[in-house]
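Shown next: final-v4.txt, given as compact mmCIF, C-alpha atoms.
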# COMPACT_ATOMS: atom_id res chain seq x y z
CA MET A 1 -298.97 -247.28 197.55
CA ALA A 2 -298.63 -250.38 195.39
CA HIS A 3 -295.87 -252.03 197.40
CA ALA A 4 -295.61 -253.02 201.05
CA ALA A 5 -293.53 -250.75 203.28
CA PRO A 6 -290.53 -252.59 204.82
CA SER A 7 -291.64 -251.56 208.33
CA ASP A 8 -295.05 -253.18 207.71
CA GLN A 9 -293.42 -256.36 206.38
CA LEU A 10 -291.29 -256.57 209.52
CA LEU A 11 -294.33 -256.00 211.72
CA VAL A 12 -296.26 -258.79 209.96
CA ALA A 13 -293.26 -261.13 210.33
CA ARG A 14 -293.25 -260.50 214.09
CA ILE A 15 -297.01 -261.12 214.27
CA ARG A 16 -296.50 -264.40 212.42
CA ASP A 17 -294.03 -265.26 215.17
CA GLY A 18 -296.81 -264.70 217.70
CA GLU A 19 -295.31 -261.55 219.31
CA PRO A 20 -297.99 -259.76 221.39
CA ASP A 21 -296.06 -256.44 221.24
CA ALA A 22 -296.17 -256.53 217.46
CA TRP A 23 -299.90 -257.18 217.48
CA ASN A 24 -300.39 -254.29 219.88
CA GLU A 25 -298.35 -252.09 217.58
CA LEU A 26 -300.43 -253.01 214.54
CA ILE A 27 -303.63 -252.21 216.43
CA ALA A 28 -302.24 -248.85 217.58
CA ARG A 29 -301.05 -247.99 214.08
CA PHE A 30 -304.24 -248.75 212.20
CA GLU A 31 -307.29 -248.76 214.48
CA GLY A 32 -307.95 -245.02 214.29
CA ARG A 33 -308.11 -244.85 210.49
CA LEU A 34 -310.20 -248.04 210.31
CA LEU A 35 -312.63 -246.64 212.87
CA ALA A 36 -312.90 -243.40 210.90
CA PHE A 37 -313.59 -245.45 207.75
CA VAL A 38 -316.48 -247.45 209.22
CA GLU A 39 -317.88 -244.98 211.72
CA GLY A 40 -318.98 -242.41 209.16
CA ARG A 41 -321.07 -245.05 207.45
CA LEU A 42 -322.61 -246.52 210.59
CA GLY A 43 -323.16 -243.27 212.41
CA ARG A 44 -322.53 -244.92 215.77
CA ARG A 45 -319.23 -245.23 217.60
CA SER A 46 -320.04 -248.53 219.35
CA ALA A 47 -321.09 -250.29 216.12
CA GLY A 48 -317.97 -248.89 214.45
CA GLU A 49 -315.77 -250.32 217.17
CA ASP A 50 -317.45 -253.73 216.74
CA VAL A 51 -316.66 -253.72 213.02
CA VAL A 52 -313.03 -252.72 213.66
CA GLN A 53 -312.79 -255.53 216.22
CA GLU A 54 -314.07 -257.99 213.60
CA THR A 55 -311.56 -256.56 211.12
CA PHE A 56 -308.61 -257.32 213.39
CA LEU A 57 -309.92 -260.82 214.07
CA GLY A 58 -310.38 -261.30 210.32
CA PHE A 59 -306.79 -260.20 209.74
CA LEU A 60 -305.39 -262.78 212.18
CA THR A 61 -307.59 -265.51 210.71
CA SER A 62 -306.49 -264.71 207.17
CA LEU A 63 -302.82 -264.19 208.03
CA PRO A 64 -301.68 -267.54 206.54
CA ASN A 65 -302.97 -266.33 203.15
CA PHE A 66 -301.64 -262.78 203.38
CA GLN A 67 -298.94 -262.02 200.80
CA ASP A 68 -296.17 -259.96 202.35
CA SER A 69 -295.72 -257.99 199.14
CA ARG A 70 -299.20 -256.54 199.52
CA PRO A 71 -299.52 -253.19 201.31
CA LEU A 72 -300.80 -253.87 204.81
CA GLU A 73 -303.02 -250.80 205.00
CA SER A 74 -304.93 -251.62 201.79
CA TYR A 75 -305.39 -255.18 203.01
CA LEU A 76 -306.82 -254.04 206.35
CA PHE A 77 -309.15 -251.57 204.64
CA SER A 78 -310.41 -254.30 202.30
CA ILE A 79 -311.20 -256.55 205.29
CA ALA A 80 -312.94 -253.60 207.01
CA ALA A 81 -315.01 -252.97 203.86
CA HIS A 82 -316.16 -256.61 203.85
CA LYS A 83 -317.01 -256.60 207.54
CA LEU A 84 -318.84 -253.31 207.14
CA THR A 85 -320.83 -254.67 204.19
CA ASP A 86 -321.82 -257.73 206.25
CA HIS A 87 -322.86 -255.52 209.13
CA LEU A 88 -324.98 -253.26 206.91
CA ARG A 89 -326.65 -256.29 205.31
CA ARG A 90 -327.48 -257.71 208.71
CA GLU A 91 -329.04 -254.37 209.63
CA GLY A 92 -331.00 -254.42 206.36
CA ARG A 93 -329.42 -251.18 205.19
CA ARG A 94 -327.45 -252.61 202.29
CA PRO A 95 -329.70 -254.27 199.70
CA THR A 96 -328.94 -257.87 198.80
CA LEU A 97 -327.81 -258.17 195.18
CA PRO A 98 -330.29 -259.77 192.78
CA LEU A 99 -328.95 -262.41 190.42
CA ALA A 100 -327.93 -260.93 187.08
CA THR A 101 -330.67 -261.40 184.54
CA ASN A 102 -328.75 -261.89 181.32
CA ASN A 103 -325.21 -262.20 182.48
CA SER A 104 -324.39 -265.37 184.29
CA GLY A 105 -320.73 -264.46 184.45
CA ALA A 106 -319.49 -267.16 182.13
CA ASP A 107 -321.12 -265.58 179.09
CA TRP A 108 -320.35 -261.98 180.01
CA GLU A 109 -318.57 -259.97 177.34
CA PRO A 110 -316.65 -256.75 177.90
CA PRO A 111 -318.48 -253.66 176.61
CA ALA A 112 -315.65 -251.94 174.76
CA GLY A 113 -314.20 -252.21 171.32
CA GLY A 114 -316.11 -255.27 170.18
CA ARG A 115 -313.40 -257.51 171.54
CA THR A 116 -314.16 -260.57 173.57
CA VAL A 117 -312.27 -262.35 176.26
CA SER A 118 -311.59 -265.87 175.10
CA SER A 119 -311.71 -267.34 178.53
CA ALA A 120 -313.72 -265.24 180.91
CA MET A 121 -313.54 -267.73 183.72
CA ARG A 122 -309.84 -267.80 184.38
CA SER A 123 -308.03 -269.23 187.31
CA GLY A 124 -307.47 -267.09 190.38
CA GLU A 125 -303.75 -267.46 189.88
CA ARG A 126 -303.94 -266.15 186.33
CA ARG A 127 -306.13 -263.25 187.44
CA GLY A 128 -303.62 -262.43 190.15
CA MET A 129 -300.80 -262.34 187.60
CA GLU A 130 -302.76 -260.06 185.28
CA GLU A 131 -303.67 -257.74 188.08
CA ALA A 132 -300.06 -257.60 189.30
CA ALA A 133 -298.88 -256.79 185.77
CA LEU A 134 -301.37 -253.95 185.40
CA VAL A 135 -300.56 -252.59 188.86
CA GLN A 136 -296.88 -252.52 187.99
CA ALA A 137 -297.56 -250.77 184.69
CA LEU A 138 -299.86 -248.20 186.29
CA ALA A 139 -297.55 -247.61 189.24
CA GLU A 140 -294.62 -247.02 186.90
CA GLN A 141 -296.52 -244.40 184.92
CA LEU A 142 -297.91 -242.65 187.99
CA ALA A 143 -294.48 -242.58 189.62
CA ARG A 144 -293.21 -240.71 186.56
CA LEU A 145 -295.96 -238.12 186.94
CA ARG A 146 -295.19 -237.72 190.66
CA SER A 147 -291.48 -237.27 190.05
CA ARG A 148 -292.27 -234.48 187.57
CA ASN A 149 -294.92 -232.89 189.81
CA GLU A 150 -297.50 -233.33 187.05
CA TRP A 151 -300.42 -233.23 189.46
CA LYS A 152 -302.97 -231.88 187.03
CA LYS A 153 -302.25 -234.73 184.66
CA MET A 154 -302.62 -237.16 187.56
CA ALA A 155 -306.01 -235.63 188.42
CA CYS A 156 -307.06 -235.85 184.78
CA LEU A 157 -306.17 -239.55 184.54
CA GLU A 158 -307.88 -240.29 187.85
CA LEU A 159 -311.14 -238.81 186.59
CA LEU A 160 -310.82 -240.67 183.27
CA PHE A 161 -309.95 -244.10 184.60
CA VAL A 162 -311.14 -244.29 188.21
CA ARG A 163 -314.30 -242.20 187.94
CA ARG A 164 -314.69 -242.91 184.21
CA TRP A 165 -315.81 -239.40 183.39
CA ALA A 166 -316.19 -238.40 179.75
CA ASN A 167 -313.37 -236.33 178.21
CA ARG A 168 -315.63 -233.29 177.97
CA ASP A 169 -316.56 -233.37 181.68
CA VAL A 170 -312.94 -233.82 182.71
CA ALA A 171 -311.91 -230.88 180.52
CA THR A 172 -314.58 -228.66 182.08
CA LYS A 173 -313.76 -229.67 185.64
CA LEU A 174 -310.01 -229.21 185.27
CA GLU A 175 -310.21 -226.20 182.96
CA MET A 176 -308.36 -227.90 180.12
CA SER A 177 -309.17 -228.31 176.45
CA GLU A 178 -310.87 -231.54 175.35
CA GLN A 179 -307.98 -232.14 172.97
CA GLN A 180 -305.50 -231.97 175.84
CA VAL A 181 -307.54 -234.54 177.80
CA ALA A 182 -307.75 -236.82 174.75
CA ASN A 183 -303.99 -236.54 174.24
CA PHE A 184 -303.25 -237.47 177.87
CA LYS A 185 -305.59 -240.43 177.60
CA PHE A 186 -304.12 -241.65 174.32
CA GLU A 187 -300.56 -241.36 175.56
CA PHE A 188 -301.38 -243.11 178.85
CA ILE A 189 -303.22 -246.02 177.21
CA ALA A 190 -300.51 -246.50 174.58
CA ARG A 191 -297.83 -246.72 177.25
CA LEU A 192 -299.92 -249.04 179.42
CA ARG A 193 -300.43 -251.39 176.47
CA THR A 194 -296.71 -251.49 175.81
CA LEU A 195 -295.93 -252.20 179.46
CA VAL A 196 -298.58 -254.94 179.66
CA ARG A 197 -297.30 -256.54 176.43
CA LYS A 198 -293.74 -256.40 177.74
CA GLN A 199 -294.83 -258.65 180.59
CA GLY A 200 -296.06 -261.22 178.12
CA LEU A 201 -299.73 -260.77 178.90
CA SER A 202 -302.66 -260.38 176.55
CA GLU A 203 -304.12 -256.87 176.45
CA ASP A 204 -307.53 -258.43 175.82
CA VAL A 205 -308.20 -258.95 179.50
CA PHE A 206 -308.20 -255.17 179.96
CA PRO A 207 -310.96 -253.98 177.59
CA GLU A 208 -310.35 -250.32 178.43
CA LEU A 209 -306.93 -250.50 176.78
CA HIS A 210 -308.77 -250.65 173.44
CA GLU A 211 -311.04 -247.69 174.00
CA LYS A 212 -310.77 -244.63 171.80
CA ALA A 213 -309.06 -241.64 173.38
CA MET B 1 -330.38 -232.29 190.69
CA ALA B 2 -328.14 -235.14 191.84
CA GLU B 3 -325.54 -236.46 189.40
CA PRO B 4 -326.50 -239.69 187.60
CA ILE B 5 -325.11 -242.93 189.01
CA THR B 6 -322.52 -244.40 186.65
CA ALA B 7 -321.14 -247.93 186.24
CA ALA B 8 -317.90 -246.72 187.83
CA ASP B 9 -319.90 -245.54 190.85
CA LEU B 10 -321.52 -248.97 191.15
CA GLU B 11 -318.12 -250.68 190.99
CA ALA B 12 -316.89 -248.42 193.76
CA TYR B 13 -320.09 -249.02 195.72
CA LEU B 14 -319.35 -252.76 195.76
CA ASP B 15 -315.97 -251.99 197.33
CA GLU B 16 -317.35 -249.51 199.91
CA ALA B 17 -315.06 -246.98 198.28
CA LEU B 18 -317.30 -243.93 197.84
CA PRO B 19 -317.97 -241.06 200.22
CA VAL B 20 -320.60 -241.92 202.83
CA GLU B 21 -323.23 -239.58 201.37
CA THR B 22 -322.82 -241.12 197.87
CA MET B 23 -323.05 -244.65 199.30
CA SER B 24 -326.35 -243.77 200.98
CA ARG B 25 -327.68 -242.16 197.79
CA ILE B 26 -326.84 -245.30 195.76
CA GLU B 27 -328.47 -247.55 198.37
CA GLN B 28 -331.66 -245.55 198.14
CA ALA B 29 -331.57 -245.62 194.32
CA LEU B 30 -331.03 -249.41 194.33
CA ARG B 31 -334.23 -249.78 196.32
CA ASP B 32 -336.18 -247.47 194.02
CA GLU B 33 -334.81 -248.48 190.61
CA PRO B 34 -334.84 -252.21 189.72
CA LYS B 35 -332.80 -251.50 186.55
CA LEU B 36 -329.95 -250.10 188.59
CA ALA B 37 -330.01 -253.17 190.83
CA GLU B 38 -329.78 -255.36 187.71
CA GLU B 39 -326.84 -253.33 186.45
CA LEU B 40 -325.12 -253.78 189.79
CA ALA B 41 -325.70 -257.54 189.67
CA SER B 42 -324.26 -257.61 186.17
CA ILE B 43 -321.12 -255.78 187.32
CA ASN B 44 -320.81 -258.24 190.15
CA SER B 45 -321.03 -261.17 187.72
CA ARG B 46 -318.36 -259.64 185.52
CA ARG B 47 -316.08 -259.31 188.51
CA ASP B 48 -316.76 -262.91 189.53
CA ALA B 49 -315.76 -263.91 186.00
CA GLY B 50 -312.45 -262.16 186.53
CA ILE B 51 -312.75 -259.31 184.05
CA HIS B 52 -310.59 -256.42 185.13
CA SER B 53 -311.50 -252.78 185.11
CA VAL B 54 -308.49 -250.50 185.25
CA GLY B 55 -310.34 -248.22 187.67
CA GLU B 56 -311.13 -251.02 190.11
CA ILE B 57 -307.52 -252.15 190.21
CA TRP B 58 -306.25 -248.58 190.44
CA ARG B 59 -308.54 -247.88 193.40
CA ARG B 60 -307.97 -251.20 195.14
CA HIS B 61 -304.20 -250.69 195.11
CA ARG B 62 -304.53 -247.00 195.97
CA LEU B 63 -302.16 -246.11 193.15
CA SER B 64 -302.67 -242.37 193.22
CA CYS B 65 -303.43 -241.90 196.91
CA PRO B 66 -301.24 -239.42 198.77
CA SER B 67 -299.26 -240.92 201.63
CA ARG B 68 -300.40 -240.49 205.23
CA GLU B 69 -297.40 -238.24 205.78
CA GLN B 70 -298.56 -236.00 202.93
CA LEU B 71 -302.06 -235.87 204.44
CA GLY B 72 -300.52 -234.89 207.77
CA SER B 73 -298.48 -232.17 206.06
CA LEU B 74 -301.65 -230.89 204.39
CA LEU B 75 -303.24 -230.48 207.83
CA LEU B 76 -300.18 -228.59 209.01
CA GLY B 77 -300.29 -226.44 205.88
CA VAL B 78 -296.76 -227.32 204.84
CA VAL B 79 -297.43 -228.91 201.44
CA GLU B 80 -296.45 -227.21 198.18
CA ALA B 81 -299.39 -225.48 196.52
CA ASP B 82 -299.70 -227.81 193.48
CA LEU B 83 -299.57 -230.96 195.56
CA ALA B 84 -302.01 -229.50 198.10
CA GLU B 85 -304.41 -228.76 195.28
CA TYR B 86 -304.10 -232.34 193.99
CA ILE B 87 -304.69 -233.82 197.47
CA ARG B 88 -307.81 -231.71 197.91
CA PHE B 89 -308.99 -232.84 194.47
CA HIS B 90 -308.35 -236.48 195.41
CA LEU B 91 -310.35 -236.09 198.63
CA GLU B 92 -313.19 -233.97 197.34
CA VAL B 93 -313.65 -234.67 193.63
CA SER B 94 -312.37 -238.24 193.40
CA GLY B 95 -313.92 -238.76 196.84
CA CYS B 96 -311.35 -241.29 198.06
CA ARG B 97 -312.92 -242.71 201.19
CA THR B 98 -309.73 -244.35 202.48
CA CYS B 99 -307.80 -241.08 202.33
CA ARG B 100 -310.69 -239.29 203.97
CA ALA B 101 -310.59 -241.85 206.78
CA ASN B 102 -306.86 -241.25 207.19
CA LEU B 103 -307.38 -237.50 207.28
CA ASP B 104 -310.24 -237.79 209.81
CA ASP B 105 -308.07 -240.02 211.96
CA LEU B 106 -305.21 -237.52 211.88
CA LYS B 107 -307.61 -234.76 212.86
CA SER B 108 -309.03 -236.86 215.70
CA HIS B 109 -305.57 -237.13 217.28
CA GLN B 110 -305.98 -233.54 218.35
CA ARG B 111 -309.49 -234.21 219.65
CA ASP B 112 -309.78 -237.64 221.28
CA GLU B 113 -308.96 -238.22 224.93
CA PRO B 114 -305.83 -240.43 225.19
CA ALA B 115 -307.52 -242.50 227.93
CA ALA B 116 -310.47 -243.33 225.63
CA VAL B 117 -308.11 -244.31 222.79
CA ASP B 118 -306.13 -246.51 225.16
CA LYS B 119 -309.28 -248.24 226.38
CA ARG B 120 -310.39 -248.92 222.81
CA ARG B 121 -307.03 -250.37 221.81
CA LYS B 122 -306.97 -252.62 224.89
CA LYS B 123 -310.41 -253.92 223.97
CA TYR B 124 -309.25 -254.79 220.43
CA PHE B 125 -306.14 -256.47 221.78
CA GLN B 126 -307.90 -258.52 224.44
CA SER B 127 -310.58 -259.73 222.05
CA SER B 128 -308.07 -260.89 219.44
CA ALA B 129 -304.81 -261.81 221.19
CA GLY B 130 -306.11 -265.36 221.75
CA HIS B 131 -305.86 -265.88 217.98
CA LEU B 132 -302.23 -264.83 217.94
CA ARG B 133 -299.89 -267.79 217.60
CA LYS B 134 -296.70 -268.73 215.86
CA ARG B 135 -297.54 -269.64 212.26

Could you express the structure from this file as structure tokens?
Amino acid sequence: MAHAAPSDQLLVARIRDGEPDAWNELIARFEGRLLAFVEGRLGRRSAGEDVVQETFLGFLTSLPNFQDSRPLESYLFSIAAHKLTDHLRREGRRPTLPLATNNSGADWEPPAGGRTVSSAMRSGERRGMEEAALVQALAEQLARLRSRNEWKKMACLELLFVRRWANRDVATKLEMSEQQVANFKFEFIARLRTLVRKQGLSEDVFPELHEKA
Amino acid sequence: MAEPITAADLEAYLDEALPVETMSRIEQALRDEPKLAEELASINSRRDAGIHSVGEIWRRHRLSCPSREQLGSLLLGVVEADLAEYIRFHLEVSGCRTCRANLDDLKSHQRDEPAAVDKRRKKYFQSSAGHLRKR
């Protein structure tokens, strides 16, 4: 899912050329899943359709900034999530975030391993590069698991890194030993660090790469 | 008793990435527990400062999501047992909202009236086509 499908890239190119048929095709391809995404949260079909409508408008408005290498579906879902958040705030359902009390952003330090990020406020471009490097490293590792049908390992890593469950909870849920979970984690982190280093980037911007297995 | 709300849950909450019922539970907790709201604000500040969490990036790029074709095959019952088990895990335990939306959409194809779908798509097109131009 990390890379754009060629058929999506072609569709976006036609939309950039102002082709109404291409725009119609994009709507037909994605509106159903976007509506399902927002409707469950809003509980009303008409409000859901309004948010999807705003999502499509948002896509056309942001098209000059859209990078063709980015998967189209993820991009549309991220616009829908923003539009949905705005809608829920307007309705008063989603609380407005208070300002952080002790962390102004610039003086925030990562929680793991006692390491600090030398320059927390980095340029958007730099952040983009770091994110792309990590995505490539993760995608490479996950592709290996897929090709070997190692689905249980994939589930284990998903719980560890996406849900950030503790080793013990993961082991219980997946009926594995804690040692097995720790081994998977160690192996995965070690390989990620190597891949990130290979791309000439500092591992320090990813604090989790220094956590104990 | 409901499971405690973790920092990873709050990160996912900011991205509208959790199942609907969990999102509602977190919203309620944010109203009731000022400390949780502070933690959320702190996570938001960290993100503004550009500090990456592997989980956020993983989720944002949908790195372990099954493809839509695989979700369709799951509905048809033609996916190998191990993969089917993983997809169900991804939907139910990981709670991937985007994949759930895809699955719900695929299910709705058997349910929704084609005329109603057509009407909806026309509405989207007519309200946006004016913004379509050669760029």

Give me the chain B side of the contact with chain A, cut-off 6 Å, one line per residue showing its nearest atom pair and distance in Å at one decimal, counting only C-alpha atoms, sorted by chain and residue number, as JSON lines.
{"residue": "B:Ala8", "atom": "CA", "partner": "A:Arg163", "partner_atom": "CA", "distance": 5.8}
{"residue": "B:Glu16", "atom": "CA", "partner": "A:Ala81", "partner_atom": "CA", "distance": 5.7}
{"residue": "B:Val20", "atom": "CA", "partner": "A:Arg41", "partner_atom": "CA", "distance": 5.6}
{"residue": "B:Glu38", "atom": "CA", "partner": "A:Ala100", "partner_atom": "CA", "distance": 5.9}
{"residue": "B:Ala41", "atom": "CA", "partner": "A:Ala100", "partner_atom": "CA", "distance": 4.8}
{"residue": "B:Ser42", "atom": "CA", "partner": "A:Ala100", "partner_atom": "CA", "distance": 5.0}
{"residue": "B:Ser45", "atom": "CA", "partner": "A:Gly105", "partner_atom": "CA", "distance": 4.6}
{"residue": "B:Arg46", "atom": "CA", "partner": "A:Gly105", "partner_atom": "CA", "distance": 5.5}
{"residue": "B:Ala49", "atom": "CA", "partner": "A:Met121", "partner_atom": "CA", "distance": 5.0}
{"residue": "B:His52", "atom": "CA", "partner": "A:Phe206", "partner_atom": "CA", "distance": 5.8}
{"residue": "B:Gly55", "atom": "CA", "partner": "A:Val162", "partner_atom": "CA", "distance": 4.0}
{"residue": "B:His61", "atom": "CA", "partner": "A:Ala2", "partner_atom": "CA", "distance": 5.6}
{"residue": "B:Arg62", "atom": "CA", "partner": "A:Met1", "partner_atom": "CA", "distance": 5.8}
{"residue": "B:Leu63", "atom": "CA", "partner": "A:Met1", "partner_atom": "CA", "distance": 5.6}
{"residue": "B:Tyr86", "atom": "CA", "partner": "A:Trp151", "partner_atom": "CA", "distance": 5.9}
{"residue": "B:Ala101", "atom": "CA", "partner": "A:Phe37", "partner_atom": "CA", "distance": 4.8}
{"residue": "B:Asn102", "atom": "CA", "partner": "A:Arg33", "partner_atom": "CA", "distance": 5.0}
{"residue": "B:Asp105", "atom": "CA", "partner": "A:Arg33", "partner_atom": "CA", "distance": 5.0}
{"residue": "B:Tyr124", "atom": "CA", "partner": "A:Gln53", "partner_atom": "CA", "distance": 5.6}
{"residue": "B:Ser128", "atom": "CA", "partner": "A:Leu57", "partner_atom": "CA", "distance": 5.7}
{"residue": "B:Leu132", "atom": "CA", "partner": "A:Gly18", "partner_atom": "CA", "distance": 5.4}
{"residue": "B:Arg133", "atom": "CA", "partner": "A:Gly18", "partner_atom": "CA", "distance": 4.4}
{"residue": "B:Lys134", "atom": "CA", "partner": "A:Gly18", "partner_atom": "CA", "distance": 4.4}
{"residue": "B:Arg135", "atom": "CA", "partner": "A:Arg16", "partner_atom": "CA", "distance": 5.3}

Any idea what's packed within 9 Å of Pro19 of chain B, counting all atoms listed in the file, ignoring anything in its chain fewer than 6 positions away? Could you give it as a list of chain:residue names?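 My reading of the contact set: A:Arg41, B:Gly95, B:Cys96, B:Arg97, B:Arg100.
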
From the set B:Arg31, B:Arg120, B:Thr98, B:Leu91, which residue has the shortest atom-to-atom contact distance to Ser46 of chain A, counting all atoms listed in the file? B:Arg120

Point-to-point distance from atom CA of Ser69 of chain A to atom CA of Gln9 of chain A, Å rounded to tenths: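 Computing the Euclidean distance for atom CA of Ser69 of chain A and atom CA of Gln9 of chain A yields 7.8 Å.
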
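Counting from atom CA of Leu72 of chain A, the distance to atom CA of Glu92 of chain B is 24.6 Å.
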
Given only C-alpha atoms as the basis, pick out the residue of B:Leu76, B:Ile5, B:Leu71, B:Ala37 nearest to Arg25 of chain B. B:Ile5

d(atom CA of Ser67 of chain B, atom CA of Cys99 of chain B) in Å: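 About the pair atom CA of Ser67 of chain B and atom CA of Cys99 of chain B: they are 8.6 Å apart.
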
Pick from A:Asp8, A:Glu91, A:Asp169, A:Glu178, whichever lies nearest to Asp68 of chain A using all atoms listed in the file: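 Answer, going by the shortest atom-to-atom distance: A:Asp8.
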
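Of the residues under consideration (B:Leu106, B:Asp15, B:Ala29, B:Gln70), B:Gln70 shows the shortest atom-to-atom contact distance to Ala84 of chain B when counting only C-alpha atoms.
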
Axis-aligned box for all listed atoms of segment 51-69 of chain A, 5 Å per side, centre and edges in Å to one decimal, as lines of an AutoDock Vina configuration file:
center_x = -306.2
center_y = -260.1
center_z = 207.7
size_x = 30.9
size_y = 24.8
size_z = 27.1
